[in-house]
Each structure stands twice: as C-alpha cells, then as structure tokens.
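Colleague: One structure coming up, written as structure tokens, with questions to follow.
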Amino acid sequence: MLEYTKGDLCLAYEVHGKGAPILLIAPGGLRSERGMWANSPIDPLALLSPHFQVISMDQRNAGASSGPIEADHSWQTYTQDQLDLMDYLGHERFAVVGMCIGGPYILNLIKTAPERVRASAVLQTIGRDDNRQAFLSMFDGWADDLHQGAPDTFPASALADQRRRMFENDLTFLCMTEQEVAQCRPPMMILDGADTYHPAAASQRLAELQPQAERLTQWKQPPDTEIAASRMLNFFQSHLG
C-alpha cells in the first residue's frame, strides 16, 4: 500500500501494471475502498493490470484513507481528491472504472475535467428510484461511525452539511443534473444494476443520456461474466491502445 498526503488528507492507494493509467473507484458507498472489489463479479484490477497501469484507491475516510470533514464538503471534495492523486502520480489523462458510488464519482470527474478522462466503465451505478431513505440511512450509518470514533475530528454539524449537499436531493445520479450527464463526451461502458441502491432504472436512464455508450444488461453470472470481462478489456484496449 502507498500513501498520498496533502495537509490532513491521506489517501491510500496501490499501483499495478504498466501502460495507460486506469483509476479504480470501488463500490461500498462512502466506505468505498480497494477491498470491496473482492465482492464484484468482475475484478478490474485482475482483469486490467496485465495490460494497463491500474491505480486502486481508498476514498477519503474509507479503508486506510483519512481526512477532515468540513461543512462545505460535497461530491466535488471526492472528485478533487481523485484528481489530486492522479496529478501526484503524473497522469494528465486517464481512464476510470467505478462501481456503485463510482457512477456519480465518474460523472463528476467528467464534468469537472472532461479533457482528462479518456474513457470510463460504470458498473451498477447508484441512482434514484424511490430509494431516497435508503441512501440517507446509508450515509447516517457511515457518519455515526465516524463521529462516535472521533467526535472532535468529525463534528455532527459538518457531517449534517455533507449529508445535505450529497444526498438530500432528487437528482437521478445525486451529483449533477441529467442535462449535465447528457453533456458527458468521453467513451463510456455501462454495466446495469438491479437492486435498491443500484436500480435498473438508473442504468437505463444513464444509457438514454449516453446513447453512444456500450451497454451490458446481464453480466453478473457465468457465462455472462466472462463475456462482460472480455468486452471490458476490449473496450479499454480500443480507447487506450
């Protein structure tokens, strides 16, 4: 494990392989950390690192990463962390693979720095489908753990402000409007979700807003998993080769 530090922020990450850089943003909601990929039908680290340089990171205050919580923190805070890490590693342009909360993280990366994202794969993105309370409860569980562990470092008021900025909205993808999603231009691959946090409706809507995207609706069970893995590798070889 390696570490990138910036003031009170410490981001844990690993680098595997050589070649064009691909950033991995793990599932797990705000607990997004490298180990969560073990629960995915497709492990992009194992799939892609023989062909590319793969950077797998723990998000702020997840896994081995840590950092302050402030009242103005939002989706943009995590996006800046991701960009800062890639700057530190010397990667001006890179691709991204993200699962679960990785969907909004990828979209916000593209919105913030469209010239830097070469291509992306979005695996079962989170999104709205009559599940607002589920996301609020998820945030509250994460925030309670942080606050109880270090109440001075993670004040309840700052966590409440972060909750409001990130999850107390009705945006389909929580981080930006559908019009902004439609303006995303880098090549995209979409692998559908089908549960409360990753509703099929969100993947369908993303595909409608990104009609040029390559899409797989079935990918979690063999033989679909092997087919999906092959297509993901081909996708990145096509756009990064």
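Each chain of the structure tokens is named A, B, ... in the order shown, its residues numbered from 1; ligands are numbered from 1 in display order.
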For range 202-218 of chain A, list every protein, DNA or RNA residue within 8 Å, evaluated using only C-alpha atoms, and leave out those in the same chain fewer than 6 positions away; present the list as JSON, numbers by chain.
Modeller: {"A": [124, 125, 126, 127, 128, 129, 172, 173, 178, 181, 182, 184, 187, 188, 189, 190, 191, 192, 193, 224, 228]}
Colleague: As a PyMOL selection string, which residues of range 16-136 of chain A does DSSP assign to alpha helix (DSSP H)?
Modeller: chain A and resi 44-48+75-88+102-112+132-136
Colleague: Taking C-alpha atoms for each residue, export the selection above as an mmCIF file, in the first residue's frame.
Modeller:
```
data_model
loop_
_atom_site.group_PDB
_atom_site.id
_atom_site.type_symbol
_atom_site.label_atom_id
_atom_site.label_comp_id
_atom_site.auth_asym_id
_atom_site.auth_seq_id
_atom_site.Cartn_x
_atom_site.Cartn_y
_atom_site.Cartn_z
ATOM 1 C CA PRO A 44 -10.964 -4.857 -12.755
ATOM 2 C CA LEU A 45 -7.586 -4.975 -11.038
ATOM 3 C CA ALA A 46 -7.049 -8.605 -12.037
ATOM 4 C CA LEU A 47 -8.587 -8.040 -15.470
ATOM 5 C CA LEU A 48 -6.818 -4.858 -16.486
ATOM 6 C CA TRP A 75 -19.231 15.345 -4.365
ATOM 7 C CA GLN A 76 -16.641 17.854 -5.505
ATOM 8 C CA THR A 77 -14.450 17.093 -2.480
ATOM 9 C CA TYR A 78 -14.022 13.475 -3.575
ATOM 10 C CA THR A 79 -13.522 14.473 -7.196
ATOM 11 C CA GLN A 80 -10.710 16.784 -6.173
ATOM 12 C CA ASP A 81 -9.125 14.003 -4.108
ATOM 13 C CA GLN A 82 -9.165 11.748 -7.170
ATOM 14 C CA LEU A 83 -7.706 14.430 -9.426
ATOM 15 C CA ASP A 84 -5.052 15.326 -6.853
ATOM 16 C CA LEU A 85 -3.964 11.690 -6.641
ATOM 17 C CA MET A 86 -3.684 11.407 -10.410
ATOM 18 C CA ASP A 87 -1.754 14.702 -10.509
ATOM 19 C CA TYR A 88 0.617 13.348 -7.880
ATOM 20 C CA GLY A 102 -18.295 5.104 -8.567
ATOM 21 C CA GLY A 103 -21.032 6.068 -11.046
ATOM 22 C CA PRO A 104 -21.539 9.603 -9.681
ATOM 23 C CA TYR A 105 -17.829 9.905 -8.971
ATOM 24 C CA ILE A 106 -17.071 9.172 -12.642
ATOM 25 C CA LEU A 107 -19.752 11.551 -13.889
ATOM 26 C CA ASN A 108 -18.435 14.328 -11.675
ATOM 27 C CA LEU A 109 -14.871 13.680 -12.824
ATOM 28 C CA ILE A 110 -16.029 14.063 -16.425
ATOM 29 C CA LYS A 111 -17.982 17.217 -15.587
ATOM 30 C CA THR A 112 -15.050 18.743 -13.709
ATOM 31 C CA ARG A 132 -34.146 8.273 -1.063
ATOM 32 C CA GLN A 133 -34.418 6.986 2.513
ATOM 33 C CA ALA A 134 -32.094 4.081 1.787
ATOM 34 C CA PHE A 135 -29.332 6.488 0.800
ATOM 35 C CA LEU A 136 -29.942 8.734 3.790
#
```
Colleague: Hey, which bits of range 58-88 of chain A sit within 6 Å of range 3-25 of chain A, and for each residue what's the closest pair of atoms and how far apart in Å (one decimal), counting only C-alpha atoms, rows by chain and increasing number, as CSV?
Modeller:
```
residue,atom,partner,partner_atom,distance
A:Asp58,CA,A:Ala12,CA,5.5
A:Ala64,CA,A:Ala12,CA,5.7
A:Ser65,CA,A:Leu11,CA,4.5
A:Ser66,CA,A:Cys10,CA,5.2
A:Gly67,CA,A:Leu9,CA,4.2
```
Colleague: Can you check which parts of range 105-163 of chain A lie within 8 Å of range 29-35 of chain A? Per residue, the shortest pair of atoms and distance in Å to one decimal, counting only C-alpha atoms, sorted by chain and number, as CSV.
Modeller:
```
residue,atom,partner,partner_atom,distance
A:Met138,CA,A:Gly29,CA,7.8
A:Phe139,CA,A:Leu30,CA,7.3
A:Trp142,CA,A:Leu30,CA,7.0
```
Colleague: For the residues selected in the previous step, produce a file with C-alpha atoms as a PDB file, in the first residue's frame.
Modeller:
```pdb
ATOM      1  CA  MET A 138     -26.561   4.584   4.438  1.00  0.00           C
ATOM      2  CA  PHE A 139     -24.996   7.995   4.966  1.00  0.00           C
ATOM      3  CA  TRP A 142     -21.244   5.914   7.913  1.00  0.00           C
TER       4      TRP A 142
END
```
Colleague: Return as a PyMOL selection string the full set of residues in range 9-191 of chain A whose backbone-based DSSP assignment is strand (DSSP E).
Modeller: chain A and resi 9-16+21-25+53-57+94-99+117-123+188-191
Colleague: In Å, rounded to a single decimal, give me how far CA of Gly98 in chain A is from CA of Arg185 in chain A.
Modeller: 16.8 Å
Colleague: Hey, which of A:Leu171, A:Ala158, A:Leu240, A:Met166 ends up closest to Ser120 in chain A? Count only C-alpha atoms.
Modeller: A:Leu240
Colleague: Please indicate the distance in Å from CA of Thr177 in chain A to CA of Trp37 in chain A, rounded to one decimal place.
Modeller: 28.0 Å
